Amino acid sequence: PIPNPPEPLRAGQNGLKLVNDAAHPFKTQGTDEIRGPCPALNTLANHGYLPRSGVARPDQIVTAVMEGLNLGNDFAKFLTYQAFLMNGNPLTNLMSIGMKTPLTGQDPPKPAQVGGLSQHGTFEGDTSMSRVDAFFGDPAAFNQTRFNDLLAYATKYGVNGTYDVTAASELRYERLQDSIATNPQLVFTSPRILSAYSEAVFPTVYFVDGRLNNRQLTQQAATSFFAMQRMPQDFHRQPAPVSFEVIEPLTGKLFKDHPFVPGVNHGKNNYIEMPQTPAVSDFCGIYRDIALRVIPEQYPRPTGPLKDAIKKNLVFLYGAVSFQHNCTQVFPYGK
Ligand code: HEM
Ligand code: MG
């Protein structure tokens, strides 16, 4: 019994709203509670929009990001079902927002990973802004040195020292150049390229108070979300659901400022380009790559209820990109 993806928030319920409210008090994580590489999901768990355990069903994640940050329904589904297929347990419908845990139940047979969001080389990948590359240490743990760079770029490039789209653009470029120079095992291909570019601009949108909504994130608010994993006092979410149509032009600007070709390092400073992987803005191409290549690597020949569950989640993922016309549905496990 896999629940369908949640519907969009209804008109009248999808506007500006105080979200750091009495019903969602901040609490630091308990010792057995799991947090991971995503500052937004960590924050939503610390406020109880997600189960504080850090283990959640995909529909709970979709609801949490819609309610807490006003992600548009299709965008929320695109991020969530993509992550769930790579990192969740299709048999129990549970996913860890951080490290692998027995709390997601018995694993399907290998080579399935069910590694949680911290699993390197899936959604989590290199050139993050507030985490180190897996080659250098725990890629899920907040890293103060990395984050200080984000603040420095805000100071240097952003309007009034804010983290804005210009700061995001320069930082994203610098992170890639730095990893090319220092990480002999850098991987920067689909699907990571898309998340890397989206995540660079997310903070300029979703972490900015909806009453201000000027796409300029103050360093104080950035520190609250990234370092404390806590909504600023009195924080209001975006005044309307925000989806692809807002995010894509912003990532497009980052790409135009500093074009790059996807690729991998074969040793430090030896970047081998892989131009055939889908482009950053090609949501349909990323969907197809995940469905036809990434998921079958973990689930080459699933059977029974496992196969049914994966197929269902692939349908949910397709549902999130089908708005892009000419995006044809693909069936790696038959219709
Ligand atoms: C990073 C998952 C929603 C902001 C990540 C990462 C994962 C992830 C796996 C690690 C990628 C990496 O840096 O290597 C998800 C999932 C979501 C979601 C499954 C489901 C809806 C959001 C939302 C925001 C957000 C709504 C809004 C601000 C970020 C940022 C990073 C990040 C800024 C980058 C952290 C860094 O580079 O250090 N997310 N995320 N995410 N996420 Fe999320
Ligand atoms: Mg990373």
# chains A, B, ... in the order shown; residues from 1 in each chain; ligands from 1

$ residues_near_ligand --ligand "ligand 1" --cutoff "7 Å" --atoms "only C-alpha atoms and all ligand atoms" --output "PDB file with N, CA and C atoms, in the first residue's frame"
ATOM      1  N   PRO A  37      22.983  15.459   4.474  1.00  0.00           N
ATOM      2  CA  PRO A  37      23.666  16.475   3.663  1.00  0.00           C
ATOM      3  C   PRO A  37      22.798  17.646   3.234  1.00  0.00           C
ATOM      4  N   CYS A  38      21.472  17.582   3.474  1.00  0.00           N
ATOM      5  CA  CYS A  38      20.593  18.650   2.990  1.00  0.00           C
ATOM      6  C   CYS A  38      20.185  19.579   4.131  1.00  0.00           C
ATOM      7  N   PRO A  39      20.626  20.836   4.064  1.00  0.00           N
ATOM      8  CA  PRO A  39      20.298  21.768   5.142  1.00  0.00           C
ATOM      9  C   PRO A  39      18.791  21.995   5.285  1.00  0.00           C
ATOM     10  N   ALA A  40      18.050  21.917   4.172  1.00  0.00           N
ATOM     11  CA  ALA A  40      16.604  22.161   4.236  1.00  0.00           C
ATOM     12  C   ALA A  40      15.884  21.021   4.938  1.00  0.00           C
ATOM     13  N   LEU A  41      16.187  19.789   4.555  1.00  0.00           N
ATOM     14  CA  LEU A  41      15.514  18.654   5.190  1.00  0.00           C
ATOM     15  C   LEU A  41      15.932  18.519   6.649  1.00  0.00           C
ATOM     16  N   ILE A  61       7.947  13.678   2.861  1.00  0.00           N
ATOM     17  CA  ILE A  61       8.948  14.671   2.453  1.00  0.00           C
ATOM     18  C   ILE A  61       8.315  15.697   1.517  1.00  0.00           C
ATOM     19  N   VAL A  62       7.499  15.224   0.570  1.00  0.00           N
ATOM     20  CA  VAL A  62       6.821  16.151  -0.342  1.00  0.00           C
ATOM     21  C   VAL A  62       5.963  17.129   0.462  1.00  0.00           C
ATOM     22  N   VAL A  65       8.178  19.778   2.471  1.00  0.00           N
ATOM     23  CA  VAL A  65       8.798  20.888   1.736  1.00  0.00           C
ATOM     24  C   VAL A  65       7.746  21.841   1.160  1.00  0.00           C
ATOM     25  N   LEU A  69       8.368  25.190   3.244  1.00  0.00           N
ATOM     26  CA  LEU A  69       9.145  26.124   2.429  1.00  0.00           C
ATOM     27  C   LEU A  69       8.410  26.575   1.169  1.00  0.00           C
ATOM     28  N   LEU A  71       7.621  24.773  -1.571  1.00  0.00           N
ATOM     29  CA  LEU A  71       7.999  24.228  -2.878  1.00  0.00           C
ATOM     30  C   LEU A  71       6.740  23.923  -3.655  1.00  0.00           C
ATOM     31  N   ALA A  76       8.663  19.515  -5.818  1.00  0.00           N
ATOM     32  CA  ALA A  76       8.838  18.703  -4.605  1.00  0.00           C
ATOM     33  C   ALA A  76       8.866  17.220  -4.961  1.00  0.00           C
ATOM     34  N   LYS A  77       7.974  16.814  -5.861  1.00  0.00           N
ATOM     35  CA  LYS A  77       7.925  15.410  -6.264  1.00  0.00           C
ATOM     36  C   LYS A  77       9.164  15.023  -7.069  1.00  0.00           C
ATOM     37  N   LEU A  79      12.248  16.198  -6.864  1.00  0.00           N
ATOM     38  CA  LEU A  79      13.395  16.004  -5.969  1.00  0.00           C
ATOM     39  C   LEU A  79      13.217  14.750  -5.113  1.00  0.00           C
ATOM     40  N   THR A  80      12.010  14.585  -4.592  1.00  0.00           N
ATOM     41  CA  THR A  80      11.797  13.539  -3.601  1.00  0.00           C
ATOM     42  C   THR A  80      11.825  12.136  -4.208  1.00  0.00           C
ATOM     43  N   ALA A  83      15.305  11.117  -5.300  1.00  0.00           N
ATOM     44  CA  ALA A  83      16.114  10.705  -4.147  1.00  0.00           C
ATOM     45  C   ALA A  83      15.643   9.353  -3.614  1.00  0.00           C
ATOM     46  N   LEU A 117      20.195   9.510   2.190  1.00  0.00           N
ATOM     47  CA  LEU A 117      20.643  10.649   1.383  1.00  0.00           C
ATOM     48  C   LEU A 117      22.149  10.890   1.457  1.00  0.00           C
ATOM     49  N   SER A 118      22.803  10.343   2.501  1.00  0.00           N
ATOM     50  CA  SER A 118      24.252  10.562   2.615  1.00  0.00           C
ATOM     51  C   SER A 118      25.062   9.692   1.667  1.00  0.00           C
ATOM     52  N   PHE A 123      22.509  10.993  -5.170  1.00  0.00           N
ATOM     53  CA  PHE A 123      22.081  12.394  -5.171  1.00  0.00           C
ATOM     54  C   PHE A 123      23.209  13.204  -4.541  1.00  0.00           C
ATOM     55  N   GLU A 124      23.707  12.705  -3.409  1.00  0.00           N
ATOM     56  CA  GLU A 124      24.876  13.346  -2.794  1.00  0.00           C
ATOM     57  C   GLU A 124      26.042  13.211  -3.751  1.00  0.00           C
ATOM     58  N   GLY A 125      26.751  14.315  -3.925  1.00  0.00           N
ATOM     59  CA  GLY A 125      27.901  14.263  -4.808  1.00  0.00           C
ATOM     60  C   GLY A 125      28.882  15.383  -4.510  1.00  0.00           C
ATOM     61  N   ASP A 126      29.845  15.530  -5.398  1.00  0.00           N
ATOM     62  CA  ASP A 126      30.977  16.431  -5.160  1.00  0.00           C
ATOM     63  C   ASP A 126      30.630  17.887  -5.429  1.00  0.00           C
ATOM     64  N   SER A 128      29.959  20.266  -3.234  1.00  0.00           N
ATOM     65  CA  SER A 128      28.957  20.902  -2.378  1.00  0.00           C
ATOM     66  C   SER A 128      29.504  22.190  -1.784  1.00  0.00           C
ATOM     67  N   MET A 129      28.568  23.027  -1.331  1.00  0.00           N
ATOM     68  CA  MET A 129      28.957  24.342  -0.823  1.00  0.00           C
ATOM     69  C   MET A 129      29.305  24.331   0.655  1.00  0.00           C
ATOM     70  N   SER A 130      28.646  23.453   1.425  1.00  0.00           N
ATOM     71  CA  SER A 130      28.856  23.468   2.878  1.00  0.00           C
ATOM     72  C   SER A 130      29.316  22.117   3.402  1.00  0.00           C
ATOM     73  N   ARG A 131      29.685  21.261   2.497  1.00  0.00           N
ATOM     74  CA  ARG A 131      30.194  19.937   2.845  1.00  0.00           C
ATOM     75  C   ARG A 131      31.432  19.671   2.006  1.00  0.00           C
ATOM     76  N   PRO A 139      30.849  13.468   3.616  1.00  0.00           N
ATOM     77  CA  PRO A 139      30.207  14.443   2.726  1.00  0.00           C
ATOM     78  C   PRO A 139      28.831  14.891   3.214  1.00  0.00           C
ATOM     79  N   SER A 195      21.536  18.706  -9.375  1.00  0.00           N
ATOM     80  CA  SER A 195      21.347  19.073  -7.973  1.00  0.00           C
ATOM     81  C   SER A 195      22.361  20.139  -7.565  1.00  0.00           C
ATOM     82  N   ALA A 196      23.569  20.040  -8.081  1.00  0.00           N
ATOM     83  CA  ALA A 196      24.588  21.033  -7.718  1.00  0.00           C
ATOM     84  C   ALA A 196      24.152  22.441  -8.115  1.00  0.00           C
ATOM     85  N   GLU A 199      20.842  23.438  -6.086  1.00  0.00           N
ATOM     86  CA  GLU A 199      21.111  23.727  -4.673  1.00  0.00           C
ATOM     87  C   GLU A 199      21.861  25.031  -4.476  1.00  0.00           C
ATOM     88  N   ALA A 200      22.582  25.455  -5.482  1.00  0.00           N
ATOM     89  CA  ALA A 200      23.280  26.737  -5.366  1.00  0.00           C
ATOM     90  C   ALA A 200      22.284  27.896  -5.330  1.00  0.00           C
ATOM     91  N   PHE A 202      18.781  27.465  -4.627  1.00  0.00           N
ATOM     92  CA  PHE A 202      17.696  27.269  -3.647  1.00  0.00           C
ATOM     93  C   PHE A 202      17.749  28.256  -2.490  1.00  0.00           C
ATOM     94  N   PRO A 203      18.922  28.433  -1.857  1.00  0.00           N
ATOM     95  CA  PRO A 203      18.938  29.323  -0.689  1.00  0.00           C
ATOM     96  C   PRO A 203      18.513  30.753  -1.016  1.00  0.00           C
ATOM     97  N   TYR A 206      14.237  29.878  -1.300  1.00  0.00           N
ATOM     98  CA  TYR A 206      13.440  29.272  -0.211  1.00  0.00           C
ATOM     99  C   TYR A 206      13.889  29.680   1.191  1.00  0.00           C
ATOM    100  N   PHE A 207      15.144  30.100   1.344  1.00  0.00           N
ATOM    101  CA  PHE A 207      15.616  30.481   2.681  1.00  0.00           C
ATOM    102  C   PHE A 207      15.420  31.976   2.958  1.00  0.00           C
TER     103      PHE A 207
END

$ residues_around --residues "Phe255 of chain A" --least-positions-apart "4" --cutoff "12 Å" --atoms "only C-alpha atoms" --output "list of chain:residue names"
A:Val165, A:Thr166, A:Ala168, A:Ser169, A:Glu170, A:Arg172, A:Tyr173, A:Ile193, A:Leu194, A:Ala196, A:Tyr197, A:Ser198, A:Ala200, A:Val201, A:Glu248, A:Pro249, A:Leu250, A:Thr251, A:Pro259, A:Phe260, A:Val261, A:Pro262, A:Ala279, A:Val280, A:Ser281

$ closest_residue --among "A:Met66, A:Ala11, A:Leu186, A:Met86" --to "ligand 2" --atoms "only C-alpha atoms and all ligand atoms"
A:Leu186

$ residues_around --residues "segment 100-102 of chain A" --least-positions-apart "6" --cutoff "7 Å" --atoms "only C-alpha atoms" --output "PyMOL selection string"
chain A and resi 114-116

$ write_last_selection --atoms "N, CA and C atoms" --output "short mmCIF file (atom, residue, chain, number, x, y, z; two decimals), in the first residue's frame"
data_model
loop_
_atom_site.label_atom_id
_atom_site.label_comp_id
_atom_site.auth_asym_id
_atom_site.auth_seq_id
_atom_site.Cartn_x
_atom_site.Cartn_y
_atom_site.Cartn_z
N VAL A 114 20.09 1.29 -0.74
CA VAL A 114 19.26 1.85 0.35
C VAL A 114 20.16 2.60 1.33
N GLY A 115 20.98 3.48 0.81
CA GLY A 115 22.02 4.11 1.60
C GLY A 115 21.61 5.39 2.32
N GLY A 116 20.39 5.85 2.12
CA GLY A 116 20.02 7.14 2.70
C GLY A 116 20.62 8.27 1.87
#

$ select_by_dssp --residues "segment 100-158 of chain A" --states "alpha helix (DSSP H)" --output "list in words"
Gln144, Thr145, Arg146, Phe147, Asn148, Asp149, Leu150, Leu151, Ala152, Tyr153, Ala154, Thr155, Lys156 and Tyr157 of chain A

$ write_last_selection --atoms "N, CA and C atoms" --output "short mmCIF file (atom, residue, chain, number, x, y, z; two decimals), in the first residue's frame"
data_model
loop_
_atom_site.label_atom_id
_atom_site.label_comp_id
_atom_site.auth_asym_id
_atom_site.auth_seq_id
_atom_site.Cartn_x
_atom_site.Cartn_y
_atom_site.Cartn_z
N GLN A 144 32.53 23.85 8.52
CA GLN A 144 32.59 25.29 8.77
C GLN A 144 33.50 26.01 7.77
N THR A 145 34.60 25.35 7.40
CA THR A 145 35.53 25.98 6.47
C THR A 145 34.86 26.23 5.11
N ARG A 146 34.16 25.21 4.63
CA ARG A 146 33.43 25.35 3.37
C ARG A 146 32.39 26.47 3.49
N PHE A 147 31.66 26.45 4.59
CA PHE A 147 30.59 27.44 4.76
C PHE A 147 31.17 28.86 4.86
N ASN A 148 32.34 28.99 5.48
CA ASN A 148 32.97 30.32 5.54
C ASN A 148 33.24 30.86 4.14
N ASP A 149 33.53 29.97 3.20
CA ASP A 149 33.72 30.39 1.81
C ASP A 149 32.41 30.95 1.24
N LEU A 150 31.31 30.28 1.57
CA LEU A 150 30.01 30.77 1.10
C LEU A 150 29.78 32.20 1.61
N LEU A 151 30.07 32.40 2.90
CA LEU A 151 29.89 33.75 3.47
C LEU A 151 30.84 34.75 2.81
N ALA A 152 32.05 34.31 2.54
CA ALA A 152 33.03 35.21 1.92
C ALA A 152 32.57 35.61 0.51
N TYR A 153 31.98 34.67 -0.20
CA TYR A 153 31.47 34.99 -1.54
C TYR A 153 30.27 35.94 -1.46
N ALA A 154 29.46 35.79 -0.43
CA ALA A 154 28.36 36.73 -0.22
C ALA A 154 28.92 38.13 0.01
N THR A 155 29.93 38.20 0.87
CA THR A 155 30.55 39.49 1.16
C THR A 155 31.14 40.12 -0.10
N LYS A 156 31.80 39.28 -0.89
CA LYS A 156 32.53 39.80 -2.05
C LYS A 156 31.61 40.14 -3.23
N TYR A 157 30.62 39.29 -3.49
CA TYR A 157 29.84 39.44 -4.74
C TYR A 157 28.38 39.85 -4.54
#

$ closest_residue --among "A:Thr92, A:Gln276, A:Asn269, A:Gln298" --to "Pro1 of chain A" --atoms "only C-alpha atoms"
A:Thr92

$ residues_around --residues "Pro305 of chain A" --least-positions-apart "3" --cutoff "12 Å" --atoms "only C-alpha atoms" --output "list in words"
Pro1, Ile2, Pro90, Leu91, Thr92, Asn93, Pro108, Pro302, Asp308, Ala309, Ile310, Lys311 and Lys312 of chain A

$ closest_residue --among "A:Phe225, A:Phe323, A:Tyr318, A:Phe26" --to "Ile290 of chain A" --atoms "only C-alpha atoms"
A:Tyr318

$ select_by_dssp --residues "segment 260-306 of chain A" --states "strand (DSSP E or B)" --output "MDAnalysis selection string"
chainID A and resid 263:265 271:273

$ write_last_selection --atoms "C-alpha atoms" --output "compact mmCIF listing (two decimals), in the first residue's frame"
# COMPACT_ATOMS: atom_id res chain seq x y z
CA GLY A 263 33.04 15.09 -16.47
CA VAL A 264 35.20 13.12 -14.05
CA ASN A 265 38.74 13.51 -12.76
CA TYR A 271 39.27 16.42 -15.89
CA ILE A 272 37.89 14.14 -18.59
CA GLU A 273 34.82 15.68 -20.17

$ closest_residue --among "A:Tyr333, A:Tyr81, A:Tyr163, A:Phe188" --to "ligand 2" --atoms "only C-alpha atoms and all ligand atoms"
A:Phe188

$ closest_residue --among "A:Gly54, A:Pro296, A:Gly285, A:Gly88" --to "Gln324 of chain A" --atoms "only C-alpha atoms"
A:Gly285

$ atom_distance --atom1 "atom 1 (Mg, counted along the ligand's line) of ligand 2" --atom2 "atom CA of Leu85 of chain A"
17.9 Å

$ atom_distance --atom1 "atom CA of Ser322 of chain A" --atom2 "atom CA of Ala240 of chain A"
21.5 Å

$ closest_residue --among "A:Gly267, A:Gly121, A:Pro8, A:Pro300" --to "ligand 2" --atoms "only C-alpha atoms and all ligand atoms"
A:Gly121

$ residues_around --residues "Met231 of chain A" --least-positions-apart "4" --cutoff "7 Å" --atoms "only C-alpha atoms" --output "list in words"
Asn20, Thr43, Ser224, Phe225 and Phe235 of chain A

$ residues_around --residues "Asn14 of chain A" --least-positions-apart "3" --cutoff "12 Å" --atoms "only C-alpha atoms" --output "PyMOL selection string"
chain A and resi 7-11+17-19+63+65-73+237-242

$ write_last_selection --atoms "N, CA and C atoms" --output "compact mmCIF listing (two decimals), in the first residue's frame"
# COMPACT_ATOMS: atom_id res chain seq x y z
N GLU A 7 -1.23 15.94 -3.11
CA GLU A 7 -1.72 16.95 -4.05
C GLU A 7 -1.07 18.30 -3.72
N PRO A 8 -1.10 19.24 -4.68
CA PRO A 8 -0.63 20.60 -4.36
C PRO A 8 -1.42 21.18 -3.19
N LEU A 9 -0.83 22.11 -2.45
CA LEU A 9 -1.58 22.84 -1.43
C LEU A 9 -2.73 23.56 -2.11
N ARG A 10 -3.87 23.57 -1.44
CA ARG A 10 -5.05 24.18 -2.08
C ARG A 10 -4.98 25.70 -2.07
N ALA A 11 -5.66 26.32 -3.03
CA ALA A 11 -5.75 27.77 -3.05
C ALA A 11 -6.26 28.24 -1.69
N LYS A 17 3.08 32.51 4.97
CA LYS A 17 2.65 31.95 6.25
C LYS A 17 3.83 31.89 7.20
N LEU A 18 3.57 32.20 8.45
CA LEU A 18 4.58 31.98 9.49
C LEU A 18 4.80 30.49 9.63
N VAL A 19 6.01 30.02 9.37
CA VAL A 19 6.24 28.57 9.46
C VAL A 19 7.10 28.17 10.65
N THR A 63 5.18 16.61 1.39
CA THR A 63 4.33 17.46 2.22
C THR A 63 5.16 18.46 3.03
N VAL A 65 8.18 19.78 2.47
CA VAL A 65 8.80 20.89 1.74
C VAL A 65 7.75 21.84 1.16
N MET A 66 6.54 21.31 0.88
CA MET A 66 5.47 22.20 0.45
C MET A 66 5.02 23.08 1.62
N GLU A 67 4.74 22.44 2.74
CA GLU A 67 4.24 23.16 3.92
C GLU A 67 5.27 24.13 4.48
N GLY A 68 6.48 23.64 4.66
CA GLY A 68 7.48 24.40 5.39
C GLY A 68 8.18 25.46 4.56
N LEU A 69 8.37 25.19 3.24
CA LEU A 69 9.15 26.12 2.43
C LEU A 69 8.41 26.57 1.17
N ASN A 70 7.23 26.04 0.95
CA ASN A 70 6.41 26.37 -0.22
C ASN A 70 7.07 25.98 -1.55
N LEU A 71 7.62 24.77 -1.57
CA LEU A 71 8.00 24.23 -2.88
C LEU A 71 6.74 23.92 -3.65
N GLY A 72 6.78 24.16 -4.96
CA GLY A 72 5.69 23.73 -5.81
C GLY A 72 5.60 22.21 -5.80
N ASN A 73 4.38 21.71 -5.97
CA ASN A 73 4.13 20.28 -5.88
C ASN A 73 4.96 19.46 -6.88
N ARG A 237 7.43 31.49 5.02
CA ARG A 237 7.79 30.82 3.77
C ARG A 237 7.46 31.71 2.56
N GLN A 238 7.82 31.24 1.36
CA GLN A 238 7.55 31.96 0.12
C GLN A 238 6.05 32.27 -0.01
N PRO A 239 5.72 33.40 -0.63
CA PRO A 239 4.32 33.83 -0.72
C PRO A 239 3.48 33.02 -1.70
N ALA A 240 4.11 32.21 -2.53
CA ALA A 240 3.38 31.34 -3.45
C ALA A 240 4.29 30.14 -3.73
N PRO A 241 3.70 29.01 -4.15
CA PRO A 241 4.54 27.84 -4.44
C PRO A 241 5.57 28.17 -5.52
N VAL A 242 6.81 27.72 -5.32
CA VAL A 242 7.90 28.01 -6.25
C VAL A 242 8.40 26.70 -6.86
